[in-house]
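Asks: I am sharing run.csv, which consists of CSV, C-alpha atoms:
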chain,number,residue,atom,x,y,z
A,1077,MET,CA,-129.4,-40.9,-0.4
A,1078,ALA,CA,-131.5,-37.7,-0.6
A,1079,LYS,CA,-129.7,-34.6,-2.0
A,1080,GLU,CA,-130.4,-30.9,-1.5
A,1081,ILE,CA,-128.9,-28.3,-3.8
A,1082,VAL,CA,-128.0,-24.8,-2.6
A,1083,ASP,CA,-125.6,-22.0,-3.6
A,1084,VAL,CA,-123.9,-21.7,-0.2
A,1085,LEU,CA,-124.1,-24.0,2.8
A,1086,ILE,CA,-123.1,-22.5,6.1
A,1087,ILE,CA,-122.1,-24.7,9.1
A,1088,GLY,CA,-123.1,-23.0,12.3
A,1089,ALA,CA,-125.6,-20.3,13.2
A,1090,GLY,CA,-123.5,-18.2,15.5
A,1091,PRO,CA,-122.6,-14.5,14.7
A,1092,ALA,CA,-120.2,-15.4,12.0
A,1093,GLY,CA,-122.7,-17.7,10.2
A,1094,THR,CA,-125.6,-15.4,10.5
A,1095,MET,CA,-123.6,-12.4,9.3
A,1096,THR,CA,-122.5,-14.4,6.3
A,1097,ALA,CA,-126.0,-15.6,5.6
A,1098,ALA,CA,-127.6,-12.1,5.9
A,1099,LYS,CA,-125.2,-10.6,3.4
A,1100,LEU,CA,-125.4,-13.6,0.9
A,1101,ILE,CA,-129.2,-13.7,0.9
A,1102,LYS,CA,-129.3,-10.0,0.0
A,1103,SER,CA,-127.4,-10.9,-3.1
A,1104,GLY,CA,-130.0,-13.3,-4.3
A,1105,LEU,CA,-128.1,-16.5,-3.5
A,1106,LYS,CA,-129.8,-19.7,-2.1
A,1107,VAL,CA,-128.4,-20.2,1.3
A,1108,LYS,CA,-128.9,-22.8,4.0
A,1109,ILE,CA,-127.5,-23.1,7.6
A,1110,VAL,CA,-127.1,-26.3,9.5
A,1111,GLU,CA,-126.6,-26.0,13.3
A,1112,ARG,CA,-125.9,-28.9,15.6
A,1113,THR,CA,-127.5,-27.3,18.7
A,1114,HIS,CA,-130.9,-25.7,19.4
A,1115,PHE,CA,-131.2,-22.0,20.1
A,1116,PRO,CA,-131.2,-20.3,22.5
A,1117,ARG,CA,-128.1,-21.9,23.9
A,1118,TYR,CA,-125.5,-20.5,26.3
A,1119,VAL,CA,-122.0,-19.4,25.2
A,1120,ILE,CA,-119.5,-16.9,26.5
A,1121,GLY,CA,-118.2,-13.8,24.5
A,1122,GLU,CA,-120.8,-11.4,25.9
A,1123,SER,CA,-119.0,-8.1,25.4
A,1124,LEU,CA,-119.1,-6.7,21.9
A,1125,LEU,CA,-116.8,-4.1,20.3
A,1126,PRO,CA,-117.8,-0.9,18.4
A,1127,GLN,CA,-116.1,-2.1,15.2
A,1128,SER,CA,-118.8,-4.7,14.7
A,1129,MET,CA,-121.7,-2.2,14.8
A,1130,GLN,CA,-121.5,-1.1,11.2
A,1131,HIS,CA,-121.6,-4.7,10.0
A,1132,LEU,CA,-124.6,-5.4,12.1
A,1133,GLU,CA,-126.4,-2.4,10.7
A,1134,ASP,CA,-125.4,-3.1,7.1
A,1135,ALA,CA,-126.6,-6.7,7.4
A,1136,GLY,CA,-130.1,-5.6,8.6
A,1137,PHE,CA,-129.9,-6.7,12.2
A,1138,MET,CA,-129.9,-3.3,14.0
A,1139,ASP,CA,-133.7,-2.8,14.5
A,1140,ALA,CA,-134.2,-6.2,16.0
A,1141,LEU,CA,-131.1,-5.8,18.3
A,1142,VAL,CA,-132.1,-2.3,19.5
A,1143,ALA,CA,-135.5,-3.7,20.4
A,1144,ARG,CA,-133.8,-6.1,22.9
A,1145,ASN,CA,-132.7,-3.2,25.1
A,1146,TYR,CA,-129.2,-4.6,25.7
A,1147,GLN,CA,-126.9,-2.9,28.0
A,1148,LYS,CA,-125.0,-0.1,26.2
A,1149,LYS,CA,-121.2,-0.3,26.5
A,1150,ILE,CA,-119.3,2.9,26.2
A,1151,GLY,CA,-115.8,1.7,27.1
A,1152,ALA,CA,-113.5,-0.6,29.1
A,1153,ASN,CA,-112.3,-0.2,32.6
A,1154,PHE,CA,-109.0,-1.9,33.7
A,1155,ARG,CA,-108.1,-2.2,37.4
A,1156,GLN,CA,-105.0,-3.4,39.2
A,1157,GLY,CA,-105.1,-2.7,42.9
A,1158,GLN,CA,-105.0,1.0,43.4
A,1159,PHE,CA,-104.4,1.7,39.7
A,1160,GLN,CA,-107.4,2.2,37.4
A,1161,GLU,CA,-107.8,3.3,33.8
A,1162,PHE,CA,-111.0,3.8,31.8
A,1163,PHE,CA,-110.9,3.8,28.0
A,1164,ASP,CA,-113.9,5.7,26.6
A,1165,PHE,CA,-114.8,4.6,23.1
A,1166,SER,CA,-116.1,8.1,22.3
A,1167,GLU,CA,-112.5,9.3,22.5
A,1168,ASN,CA,-111.0,6.7,20.2
A,1169,TYR,CA,-108.6,7.7,17.4
A,1170,THR,CA,-110.4,6.0,14.6
A,1171,GLU,CA,-113.6,7.3,13.0
A,1172,GLY,CA,-116.5,5.0,13.5
A,1173,TRP,CA,-119.0,3.8,16.1
A,1174,THR,CA,-118.2,4.9,19.6
A,1175,TRP,CA,-120.4,2.4,21.6
A,1176,THR,CA,-121.7,-1.1,21.4
A,1177,TRP,CA,-123.6,-3.6,23.7
A,1178,GLN,CA,-123.0,-6.1,26.4
A,1179,VAL,CA,-125.2,-9.0,25.5
A,1180,PRO,CA,-126.4,-12.4,26.9
A,1181,ARG,CA,-125.2,-14.5,24.0
A,1182,ASP,CA,-128.0,-17.0,24.2
A,1183,ASP,CA,-130.4,-14.1,23.4
A,1184,PHE,CA,-128.1,-12.2,21.0
A,1185,ASP,CA,-127.3,-15.2,18.9
A,1186,ASN,CA,-131.0,-16.2,18.8
A,1187,VAL,CA,-132.1,-12.8,17.6
A,1188,LEU,CA,-129.6,-13.0,14.7
A,1189,ALA,CA,-130.8,-16.5,13.9
A,1190,GLU,CA,-134.4,-15.4,13.9
A,1191,GLU,CA,-133.7,-12.4,11.7
A,1192,VAL,CA,-131.9,-14.4,9.0
A,1193,GLN,CA,-134.7,-16.8,8.9
A,1194,LYS,CA,-137.1,-13.9,8.3
A,1195,MET,CA,-134.8,-12.9,5.5
A,1196,GLY,CA,-135.4,-16.3,3.9
A,1197,VAL,CA,-132.4,-18.3,5.1
A,1198,PRO,CA,-133.5,-21.7,6.5
A,1199,ILE,CA,-131.7,-23.0,9.6
A,1200,GLU,CA,-131.8,-26.7,10.3
A,1201,PHE,CA,-131.2,-27.0,14.0
A,1202,GLY,CA,-130.1,-30.3,15.6
A,1203,SER,CA,-128.1,-31.4,12.5
A,1204,SER,CA,-124.5,-32.2,12.2
A,1205,VAL,CA,-122.0,-32.3,9.3
A,1206,ILE,CA,-120.4,-35.8,9.3
A,1207,ASP,CA,-118.4,-35.8,6.1
A,1208,VAL,CA,-117.4,-33.6,3.1
A,1209,ASN,CA,-116.0,-34.0,-0.4
A,1210,MET,CA,-114.3,-30.7,-1.3
A,1211,GLU,CA,-112.3,-32.0,-4.3
A,1212,ILE,CA,-115.1,-31.9,-6.8
A,1213,GLU,CA,-116.4,-28.9,-8.7
A,1214,HIS,CA,-119.5,-28.5,-6.4
A,1215,PRO,CA,-118.7,-29.7,-2.8
A,1216,ILE,CA,-120.8,-32.4,-1.3
A,1217,VAL,CA,-121.6,-32.2,2.4
A,1218,LYS,CA,-123.1,-35.1,4.3
A,1219,VAL,CA,-125.5,-34.1,7.1
A,1220,LYS,CA,-127.2,-36.1,9.8
A,1221,ASN,CA,-130.3,-34.7,11.3
A,1222,GLU,CA,-131.5,-35.3,14.9
A,1223,ALA,CA,-133.7,-38.1,13.8
A,1224,GLY,CA,-130.6,-40.0,12.7
A,1225,GLU,CA,-131.3,-39.6,9.0
A,1226,SER,CA,-128.4,-38.7,6.6
A,1227,TYR,CA,-128.6,-36.7,3.4
A,1228,GLU,CA,-126.3,-34.8,1.1
A,1229,VAL,CA,-126.1,-31.1,0.3
A,1230,GLU,CA,-124.5,-30.0,-2.9
A,1231,ALA,CA,-123.2,-26.4,-2.8
A,1232,GLN,CA,-121.1,-24.1,-4.9
A,1233,PHE,CA,-119.4,-22.9,-1.7
A,1234,VAL,CA,-119.2,-24.0,2.0
A,1235,VAL,CA,-118.6,-21.7,4.9
A,1236,ASP,CA,-117.5,-23.2,8.3
A,1237,SER,CA,-118.8,-21.0,11.1
A,1238,SER,CA,-119.0,-23.9,13.6
A,1239,GLY,CA,-117.0,-22.2,16.3
A,1240,TYR,CA,-115.3,-24.5,18.7
A,1241,GLY,CA,-116.8,-27.4,16.7
A,1242,ARG,CA,-114.2,-26.6,13.9
A,1243,VAL,CA,-116.0,-29.0,11.5
A,1244,LEU,CA,-114.0,-28.4,8.4
A,1245,ALA,CA,-110.7,-28.0,10.3
A,1246,ASN,CA,-111.3,-31.5,11.8
A,1247,LEU,CA,-112.5,-33.2,8.6
A,1248,LEU,CA,-109.8,-31.6,6.4
A,1249,ASP,CA,-106.9,-31.9,8.9
A,1250,LEU,CA,-106.4,-28.1,9.2
A,1251,ASN,CA,-105.8,-27.9,12.9
A,1252,GLU,CA,-102.5,-26.9,14.4
A,1253,PRO,CA,-101.4,-25.9,17.9
A,1254,SER,CA,-102.0,-22.3,18.8
A,1255,ALA,CA,-99.1,-19.9,19.0
A,1256,SER,CA,-100.6,-18.6,22.2
A,1257,PRO,CA,-99.9,-20.2,25.6
A,1258,THR,CA,-102.5,-22.7,27.0
A,1259,ARG,CA,-105.0,-20.9,29.1
A,1260,GLY,CA,-108.5,-21.7,30.4
A,1261,THR,CA,-111.5,-19.9,31.9
A,1262,LEU,CA,-113.8,-20.5,34.8
A,1263,PHE,CA,-117.0,-18.5,34.8
A,1264,ALA,CA,-120.5,-17.9,36.1
A,1265,GLN,CA,-123.3,-15.3,36.4
A,1266,PHE,CA,-124.7,-13.3,39.3
A,1267,LYS,CA,-128.0,-11.5,39.8
A,1268,PRO,CA,-129.1,-8.9,42.4
A,1269,ALA,CA,-130.4,-10.4,45.6
A,1270,ALA,CA,-134.0,-9.5,46.5
A,1271,GLY,CA,-134.3,-5.8,47.2
A,1272,VAL,CA,-130.9,-4.8,45.8
A,1273,VAL,CA,-130.9,-2.1,43.2
A,1274,THR,CA,-128.0,-2.0,40.6
A,1275,GLY,CA,-127.2,0.1,37.7
A,1276,GLU,CA,-124.1,2.3,38.5
A,1277,GLU,CA,-121.3,1.9,36.0
A,1278,ASN,CA,-123.1,-0.9,34.1
A,1279,ASN,CA,-122.2,0.7,30.8
A,1280,LYS,CA,-118.6,-0.7,30.7
A,1281,VAL,CA,-116.8,-4.0,30.9
A,1282,THR,CA,-114.3,-4.2,33.9
A,1283,ILE,CA,-111.1,-6.2,33.7
A,1284,LEU,CA,-109.4,-6.8,37.1
A,1285,VAL,CA,-105.8,-8.0,37.4
A,1286,HIS,CA,-106.0,-10.9,39.8
A,1287,ASN,CA,-102.4,-11.8,39.7
A,1288,LYS,CA,-99.5,-11.7,37.2
A,1289,ASP,CA,-101.1,-14.3,34.9
A,1290,VAL,CA,-104.7,-14.3,35.9
A,1291,TRP,CA,-107.5,-11.7,35.2
A,1292,ILE,CA,-111.2,-11.4,35.9
A,1293,TRP,CA,-114.0,-10.1,33.7
A,1294,LEU,CA,-117.1,-8.4,35.0
A,1295,ILE,CA,-119.8,-7.8,32.3
A,1296,PRO,CA,-123.1,-6.3,33.5
A,1297,PHE,CA,-126.3,-6.9,31.5
A,1298,SER,CA,-129.4,-4.7,31.3
A,1299,ASP,CA,-131.5,-7.1,33.4
A,1300,GLY,CA,-129.1,-6.7,36.4
A,1301,ARG,CA,-127.1,-9.9,35.9
A,1302,VAL,CA,-123.3,-9.8,35.8
A,1303,SER,CA,-121.1,-12.3,33.9
A,1304,VAL,CA,-117.9,-13.0,35.9
A,1305,GLY,CA,-115.0,-15.1,34.7
A,1306,PHE,CA,-111.4,-16.0,35.6
A,1307,VAL,CA,-108.9,-16.5,32.8
A,1308,GLY,CA,-105.5,-17.9,33.5
A,1309,SER,CA,-103.2,-20.9,33.3
A,1310,PRO,CA,-104.6,-24.4,33.9
A,1311,GLU,CA,-102.2,-24.7,36.8
A,1312,TYR,CA,-103.9,-21.8,38.6
A,1313,LEU,CA,-107.5,-22.7,37.7
A,1314,GLU,CA,-106.8,-26.2,39.1
A,1315,SER,CA,-104.8,-25.1,42.1
A,1316,GLU,CA,-107.9,-25.5,44.4
A,1317,ALA,CA,-109.5,-28.8,44.9
A,1318,GLY,CA,-113.1,-29.5,44.1
A,1319,ASP,CA,-115.6,-29.0,41.3
A,1320,ALA,CA,-116.0,-25.9,39.2
A,1321,LYS,CA,-118.3,-24.1,41.6
A,1322,THR,CA,-116.0,-24.8,44.6
A,1323,ARG,CA,-112.9,-23.5,42.8
A,1324,PHE,CA,-114.7,-20.5,41.3
A,1325,LEU,CA,-116.0,-19.3,44.7
A,1326,ALA,CA,-112.7,-20.0,46.3
A,1327,TYR,CA,-110.8,-17.8,43.8
A,1328,LEU,CA,-113.5,-15.1,43.9
A,1329,GLY,CA,-113.2,-14.9,47.7
A,1330,THR,CA,-109.5,-13.9,47.4
A,1331,ASN,CA,-110.2,-10.8,45.2
A,1332,SER,CA,-111.5,-7.9,47.3
A,1333,ASP,CA,-112.2,-5.7,44.2
A,1334,ALA,CA,-114.4,-8.3,42.6
A,1335,MET,CA,-116.2,-9.1,45.9
A,1336,GLU,CA,-116.9,-5.3,46.4
A,1337,MET,CA,-118.3,-5.0,42.8
A,1338,LEU,CA,-120.5,-8.0,43.4
A,1339,GLU,CA,-121.8,-6.9,46.8
A,1340,GLY,CA,-125.6,-7.6,47.0
A,1341,MET,CA,-125.4,-10.2,44.2
A,1342,GLU,CA,-126.0,-13.9,44.3
A,1343,LEU,CA,-124.9,-16.7,42.1
A,1344,CYS,CA,-127.6,-17.5,39.5
A,1345,MET,CA,-125.7,-19.9,37.2
A,1346,GLU,CA,-123.6,-22.9,38.0
A,1347,PRO,CA,-119.9,-22.1,37.2
A,1348,LYS,CA,-118.5,-23.7,34.1
A,1349,GLU,CA,-115.1,-24.0,32.7
A,1350,ILE,CA,-113.3,-24.2,29.3
A,1351,LYS,CA,-109.8,-25.6,29.2
A,1352,GLY,CA,-107.3,-24.7,26.5
A,1353,TYR,CA,-109.5,-22.4,24.4
A,1354,SER,CA,-106.8,-21.1,22.0
A,1355,ARG,CA,-106.7,-22.9,18.6
A,1356,GLY,CA,-104.5,-22.5,15.6
A,1357,ILE,CA,-105.2,-23.2,11.9
A,1358,LYS,CA,-103.1,-24.1,8.9
A,1359,GLN,CA,-105.2,-22.1,6.4
A,1360,LEU,CA,-108.4,-20.1,6.5
A,1361,TYR,CA,-109.7,-21.0,3.0
A,1362,GLY,CA,-109.4,-23.6,0.2
A,1363,LYS,CA,-111.1,-24.7,-2.9
A,1364,ASN,CA,-114.7,-23.5,-2.5
A,1365,PHE,CA,-114.6,-23.2,1.3
A,1366,VAL,CA,-113.7,-20.7,3.9
A,1367,LEU,CA,-113.4,-20.7,7.7
A,1368,THR,CA,-114.9,-17.9,9.8
A,1369,GLY,CA,-115.1,-16.9,13.4
A,1370,ASN,CA,-113.8,-19.3,16.0
A,1371,ALA,CA,-113.8,-22.1,13.4
A,1372,SER,CA,-110.6,-20.3,12.1
A,1373,GLU,CA,-108.6,-19.1,15.0
A,1374,PHE,CA,-109.4,-18.0,18.6
A,1375,ILE,CA,-106.6,-16.4,20.7
A,1376,ASP,CA,-107.7,-14.9,24.0
A,1377,PRO,CA,-110.8,-13.1,25.4
A,1378,VAL,CA,-109.1,-10.3,27.4
A,1379,PHE,CA,-110.1,-7.6,24.9
A,1380,SER,CA,-113.5,-9.0,23.9
A,1381,ALA,CA,-112.4,-9.5,20.3
A,1382,GLY,CA,-113.9,-13.0,19.6
A,1383,VAL,CA,-117.3,-11.8,18.3
A,1384,MET,CA,-115.7,-8.9,16.5
A,1385,PHE,CA,-113.5,-11.2,14.5
A,1386,ALA,CA,-116.4,-13.5,13.9
A,1387,ILE,CA,-118.5,-10.7,12.5
A,1388,GLU,CA,-115.7,-9.2,10.5
A,1389,SER,CA,-114.8,-12.6,9.0
A,1390,GLY,CA,-118.4,-13.4,8.2
A,1391,ALA,CA,-119.0,-10.1,6.5
A,1392,ARG,CA,-115.8,-10.2,4.4
A,1393,ALA,CA,-116.2,-13.8,3.4
A,1394,ALA,CA,-119.8,-13.1,2.2
A,1395,ASP,CA,-118.6,-10.2,0.0
A,1396,LEU,CA,-115.9,-12.4,-1.6
A,1397,ILE,CA,-118.2,-15.4,-2.1
A,1398,VAL,CA,-120.7,-13.2,-4.0
A,1399,LYS,CA,-117.9,-12.0,-6.3
A,1400,GLN,CA,-116.6,-15.6,-6.9
A,1401,LEU,CA,-120.1,-16.9,-7.6
A,1402,ASN,CA,-120.6,-14.0,-10.0
A,1403,SER,CA,-117.4,-15.2,-11.8
A,1404,GLU,CA,-115.4,-12.2,-10.7
A,1405,SER,CA,-111.7,-12.5,-9.7
A,1406,VAL,CA,-111.2,-13.1,-6.0
A,1407,ASP,CA,-107.8,-13.0,-4.2
A,1408,TRP,CA,-108.7,-15.1,-1.1
A,1409,GLN,CA,-105.1,-15.0,0.1
A,1410,ASN,CA,-104.8,-11.2,0.3
A,1411,ASP,CA,-108.4,-10.1,0.6
A,1412,TYR,CA,-109.5,-12.6,3.2
A,1413,GLU,CA,-106.7,-14.6,4.9
A,1414,GLN,CA,-104.1,-11.9,5.1
A,1415,HIS,CA,-106.7,-9.3,6.1
A,1416,MET,CA,-107.9,-11.5,9.0
A,1417,VAL,CA,-104.4,-12.5,10.0
A,1418,ASN,CA,-103.3,-8.8,10.1
A,1419,GLY,CA,-106.1,-8.0,12.5
A,1420,ILE,CA,-105.5,-11.1,14.7
A,1421,GLU,CA,-101.7,-10.4,14.9
A,1422,VAL,CA,-102.3,-6.8,16.0
A,1423,MET,CA,-104.6,-8.0,18.7
A,1424,ARG,CA,-102.2,-10.8,19.6
A,1425,THR,CA,-99.5,-8.2,20.2
A,1426,TYR,CA,-101.6,-6.5,22.9
A,1427,ILE,CA,-102.7,-9.8,24.4
A,1428,ASP,CA,-99.1,-10.8,24.7
A,1429,GLY,CA,-98.3,-7.3,26.1
A,1430,TRP,CA,-101.1,-7.7,28.6
A,1431,TYR,CA,-99.7,-11.0,30.0
A,1432,ASP,CA,-96.0,-10.0,30.0
A,1433,GLY,CA,-96.7,-6.7,31.7
A,1434,ARG,CA,-95.8,-4.2,28.9
A,1435,LEU,CA,-99.3,-3.2,28.2
A,1436,ARG,CA,-100.4,-3.0,31.8
A,1437,SER,CA,-97.5,-0.8,32.7
A,1438,LEU,CA,-98.6,1.5,29.9
A,1439,PHE,CA,-102.3,1.3,30.8
A,1440,PHE,CA,-101.6,2.3,34.4
A,1441,ALA,CA,-98.9,4.8,33.7
A,1442,HIS,CA,-99.3,8.0,35.9
A,1443,SER,CA,-99.4,10.2,32.8
A,1444,LYS,CA,-99.4,9.5,29.1
A,1445,PRO,CA,-100.3,11.8,26.2
A,1446,GLU,CA,-104.0,12.0,25.3
A,1447,LYS,CA,-103.3,11.0,21.7
A,1448,ILE,CA,-101.6,7.8,22.8
A,1449,LYS,CA,-104.6,6.9,25.0
A,1450,ASN,CA,-106.9,7.6,22.1
A,1451,GLN,CA,-104.9,5.4,19.8
A,1452,ILE,CA,-104.9,2.6,22.4
A,1453,THR,CA,-108.7,3.1,22.8
A,1454,SER,CA,-109.1,2.5,19.0
A,1455,VAL,CA,-107.5,-0.9,19.3
A,1456,LEU,CA,-109.7,-1.8,22.3
A,1457,ALA,CA,-112.7,-0.7,20.2
A,1458,GLY,CA,-111.7,-3.2,17.5
A,1459,TYR,CA,-110.3,-0.9,14.9
A,1460,VAL,CA,-107.3,-3.1,14.3
A,1461,TRP,CA,-107.1,-2.5,10.6
A,1462,ASP,CA,-106.6,1.3,10.8
A,1463,GLN,CA,-103.1,1.7,9.3
A,1464,THR,CA,-103.0,5.4,10.3
A,1465,ASN,CA,-102.8,4.3,13.9
A,1466,PRO,CA,-99.2,3.5,14.9
A,1467,PHE,CA,-100.6,1.0,17.5
A,1468,VAL,CA,-101.9,-0.9,14.5
A,1469,SER,CA,-99.3,-0.3,11.7
A,1470,ARG,CA,-96.3,-0.7,14.0
A,1471,SER,CA,-97.9,-2.5,16.9
A,1472,GLU,CA,-94.9,-4.3,18.4
A,1473,LYS,CA,-92.4,-1.5,18.1
A,1474,THR,CA,-94.9,1.1,19.3
A,1475,LEU,CA,-95.9,-1.0,22.4
A,1476,ASN,CA,-92.3,-1.7,23.3
A,1477,LEU,CA,-91.2,2.0,22.9
A,1478,LEU,CA,-94.1,3.5,24.8
A,1479,SER,CA,-94.2,1.0,27.6
A,1480,GLU,CA,-90.6,1.9,28.3
A,1481,VAL,CA,-91.1,5.7,28.0
A,1482,HIS,CA,-94.5,6.1,29.7
A,1483,GLY,CA,-95.0,2.9,31.6
A,1484,ASN,CA,-94.0,3.5,35.2
A,1485,LEU,CA,-95.9,0.7,37.1
A,1486,GLU,CA,-94.1,-2.3,38.4
A,1487,VAL,CA,-96.6,-5.0,37.4
A,1488,VAL,CA,-97.5,-7.8,39.8
Kindly present the structure from the file in structure tokens form.
Replies:
Amino acid sequence: MAKEIVDVLIIGAGPAGTMTAAKLIKSGLKVKIVERTHFPRYVIGESLLPQSMQHLEDAGFMDALVARNYQKKIGANFRQGQFQEFFDFSENYTEGWTWTWQVPRDDFDNVLAEEVQKMGVPIEFGSSVIDVNMEIEHPIVKVKNEAGESYEVEAQFVVDSSGYGRVLANLLDLNEPSASPTRGTLFAQFKPAAGVVTGEENNKVTILVHNKDVWIWLIPFSDGRVSVGFVGSPEYLESEAGDAKTRFLAYLGTNSDAMEMLEGMELCMEPKEIKGYSRGIKQLYGKNFVLTGNASEFIDPVFSAGVMFAIESGARAADLIVKQLNSESVDWQNDYEQHMVNGIEVMRTYIDGWYDGRLRSLFFAHSKPEKIKNQITSVLAGYVWDQTNPFVSRSEKTLNLLSEVHGNLEVV
């Protein structure tokens, strides 16, 4: 069987994989990516967070991304009936970027993939990893290309950035049930009808409370399209009869706020659904391998953290791989796994608080100190590792206390 030798093999060409590749190639390593699909391809996760912007700049992606003229995102707007609260990223507590983008992911991911190829990283599209041997000094990965031909890749290190494919997790028996409740999503896109002009308030993501356990996202793009999705329990998302389109339109028709925001728009994408998106993992790294992005753990999309965690994990993994391959000491447990878990657990606190009502009662409180709102804004901007922020360092206690003191909304 043919064999190829590289320093690092990356499985998956999404944001986690391309971020890792861009940083590794700058260190002079020989890197290859294998990707089972062909780009551009559609995925959700279209609303970025400011925390990711510095990584994108450091990796060398910024010029190409700016040229795409994506919709600038300055904050997040949350609405529940008559209550509304806008969190402006320019007023966040943590020093850093104060804006980001809302991006069609097919285009965004394709730009990142094209840029890493220009940097010298080959991407083999249409190829799948079918087996691995991680027990030897240099792992052997078996790959099958779209012609049905199999070959081996010998690498010093393997990075799994395969997203929902979870290649290494499946092959190495690393999956476990998520600690989060089972939820799903039903989503589509709209575009302006002929003659309709849009543009007002396009620079923010809007989250609508649909009912106690269900919420709706509305993410405008710079070309006028809007991504719209329901997130909730499988019981709700299957409470109407019919296919995805029939159910999506039925649910949408019951939310007057969403219908008002979509006035003059028409469906331009067949609704799709994902069931049970949350995934757990036994470990994030092992001998000569690491899991990044959604290949590690994905919790919930309510605060748009998926791509942020993908980019953060890819950047951090790359730095540690470079050190390891340079024979420097690396503490994967503390410097990678614990770091990522800390950020995920902070975000999980607020996700849980969103669904159980504590966070919504605080969001929609009639009055709350400006500093508290700024600290919440920092979490929503992705700065979940800032230990000077009590909403990070003492997330559960702070949320419980302040939702009792300042939260004065009886949640639906």
Asks: Here is a test: counting all atoms listed in the file, which residue of A:Arg1470, A:His1482, A:His1286, A:His1442 is nearest to Arg1155 of chain A?
Replies: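 The closest residue to Arg1155 of chain A is A:His1286.
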Asks: Pick from A:Pro1126, A:Gly1483, A:Gly1090, A:Gly1308: nearest to Leu1438 of chain A, with all atoms listed in the file counted?
Replies: A:Gly1483
Asks: Near segment 1334-1347 of chain A, within 8 Å and counting all atoms listed in the file, which residues show up once chain neighbours fewer than 6 positions away are dropped, as a PDB file with C-alpha atoms, in the coordinates of the input?
Replies:
ATOM      1  CA  LEU A1262    -113.800 -20.500  34.800  1.00  0.00           C
ATOM      2  CA  PHE A1263    -117.000 -18.500  34.800  1.00  0.00           C
ATOM      3  CA  ALA A1264    -120.500 -17.900  36.100  1.00  0.00           C
ATOM      4  CA  GLN A1265    -123.300 -15.300  36.400  1.00  0.00           C
ATOM      5  CA  PHE A1266    -124.700 -13.300  39.300  1.00  0.00           C
ATOM      6  CA  LYS A1267    -128.000 -11.500  39.800  1.00  0.00           C
ATOM      7  CA  PRO A1268    -129.100  -8.900  42.400  1.00  0.00           C
ATOM      8  CA  ALA A1269    -130.400 -10.400  45.600  1.00  0.00           C
ATOM      9  CA  VAL A1272    -130.900  -4.800  45.800  1.00  0.00           C
ATOM     10  CA  LEU A1284    -109.400  -6.800  37.100  1.00  0.00           C
ATOM     11  CA  ALA A1320    -116.000 -25.900  39.200  1.00  0.00           C
ATOM     12  CA  LYS A1321    -118.300 -24.100  41.600  1.00  0.00           C
ATOM     13  CA  PHE A1324    -114.700 -20.500  41.300  1.00  0.00           C
ATOM     14  CA  LEU A1328    -113.500 -15.100  43.900  1.00  0.00           C
TER      15      LEU A1328
END
Asks: Would you kindly return, as a PyMOL selection string, each protein, DNA or RNA residue with an atom no farther than 7 Å from any atom of Phe1440 of chain A, considering all atoms listed in the file and excluding same-chain residues fewer than 4 positions away?
Replies: chain A and resi 1159-1161+1436+1485
Asks: What is the atom CA of Glu1111 of chain A-atom CA of Asn1221 of chain A distance in Å, reported with one decimal?
Replies: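 Atom CA of Asn1221 of chain A lies at a distance of 9.7 Å from atom CA of Glu1111 of chain A.
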Asks: Provide the atom CA of Leu1294 of chain A to atom CA of Asn1278 of chain A distance in Å, to one decimal place.
Replies: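 Interatomic distance, atom CA of Leu1294 of chain A to atom CA of Asn1278 of chain A: 9.6 Å.
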Asks: Could you give me, as a list in words, the residues within 10 Å of Val1460 of chain A, counting only C-alpha atoms and dropping anything in the same chain fewer than 6 positions from it?
Replies: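 Contacts, with the query itself left out: Gln1127, Thr1170, Met1416, Asn1418, Gly1419, Ile1420, Glu1421, Val1422, Met1423, Ser1454, Phe1467, Val1468, Ser1469 and Ser1471 of chain A.
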Asks: Record the distance separating atom CA of Tyr1240 of chain A and atom CA of Gly1151 of chain A, expressed in Å with one decimal.
Replies: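 Those two atoms sit 27.5 Å apart.
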Asks: Will you model N, CA and C atoms for segment 1138-1144 of chain A and pass it back as a PDB file, keeping the file's coordinate frame?
Replies:
ATOM      1  N   MET A1138    -129.959  -4.349  12.932  1.00  0.00           N
ATOM      2  CA  MET A1138    -129.900  -3.300  14.000  1.00  0.00           C
ATOM      3  C   MET A1138    -131.297  -3.114  14.642  1.00  0.00           C
ATOM      4  N   ASP A1139    -132.360  -3.039  13.892  1.00  0.00           N
ATOM      5  CA  ASP A1139    -133.700  -2.800  14.500  1.00  0.00           C
ATOM      6  C   ASP A1139    -134.044  -3.848  15.507  1.00  0.00           C
ATOM      7  N   ALA A1140    -133.825  -5.098  15.145  1.00  0.00           N
ATOM      8  CA  ALA A1140    -134.200  -6.200  16.000  1.00  0.00           C
ATOM      9  C   ALA A1140    -133.296  -6.178  17.299  1.00  0.00           C
ATOM     10  N   LEU A1141    -132.024  -5.802  17.149  1.00  0.00           N
ATOM     11  CA  LEU A1141    -131.100  -5.800  18.300  1.00  0.00           C
ATOM     12  C   LEU A1141    -131.457  -4.596  19.224  1.00  0.00           C
ATOM     13  N   VAL A1142    -131.755  -3.442  18.657  1.00  0.00           N
ATOM     14  CA  VAL A1142    -132.100  -2.300  19.500  1.00  0.00           C
ATOM     15  C   VAL A1142    -133.359  -2.610  20.313  1.00  0.00           C
ATOM     16  N   ALA A1143    -134.287  -3.351  19.738  1.00  0.00           N
ATOM     17  CA  ALA A1143    -135.500  -3.700  20.400  1.00  0.00           C
ATOM     18  C   ALA A1143    -135.291  -4.570  21.654  1.00  0.00           C
ATOM     19  N   ARG A1144    -134.130  -5.220  21.753  1.00  0.00           N
ATOM     20  CA  ARG A1144    -133.800  -6.100  22.900  1.00  0.00           C
ATOM     21  C   ARG A1144    -133.362  -5.319  24.109  1.00  0.00           C
TER      22      ARG A1144
END
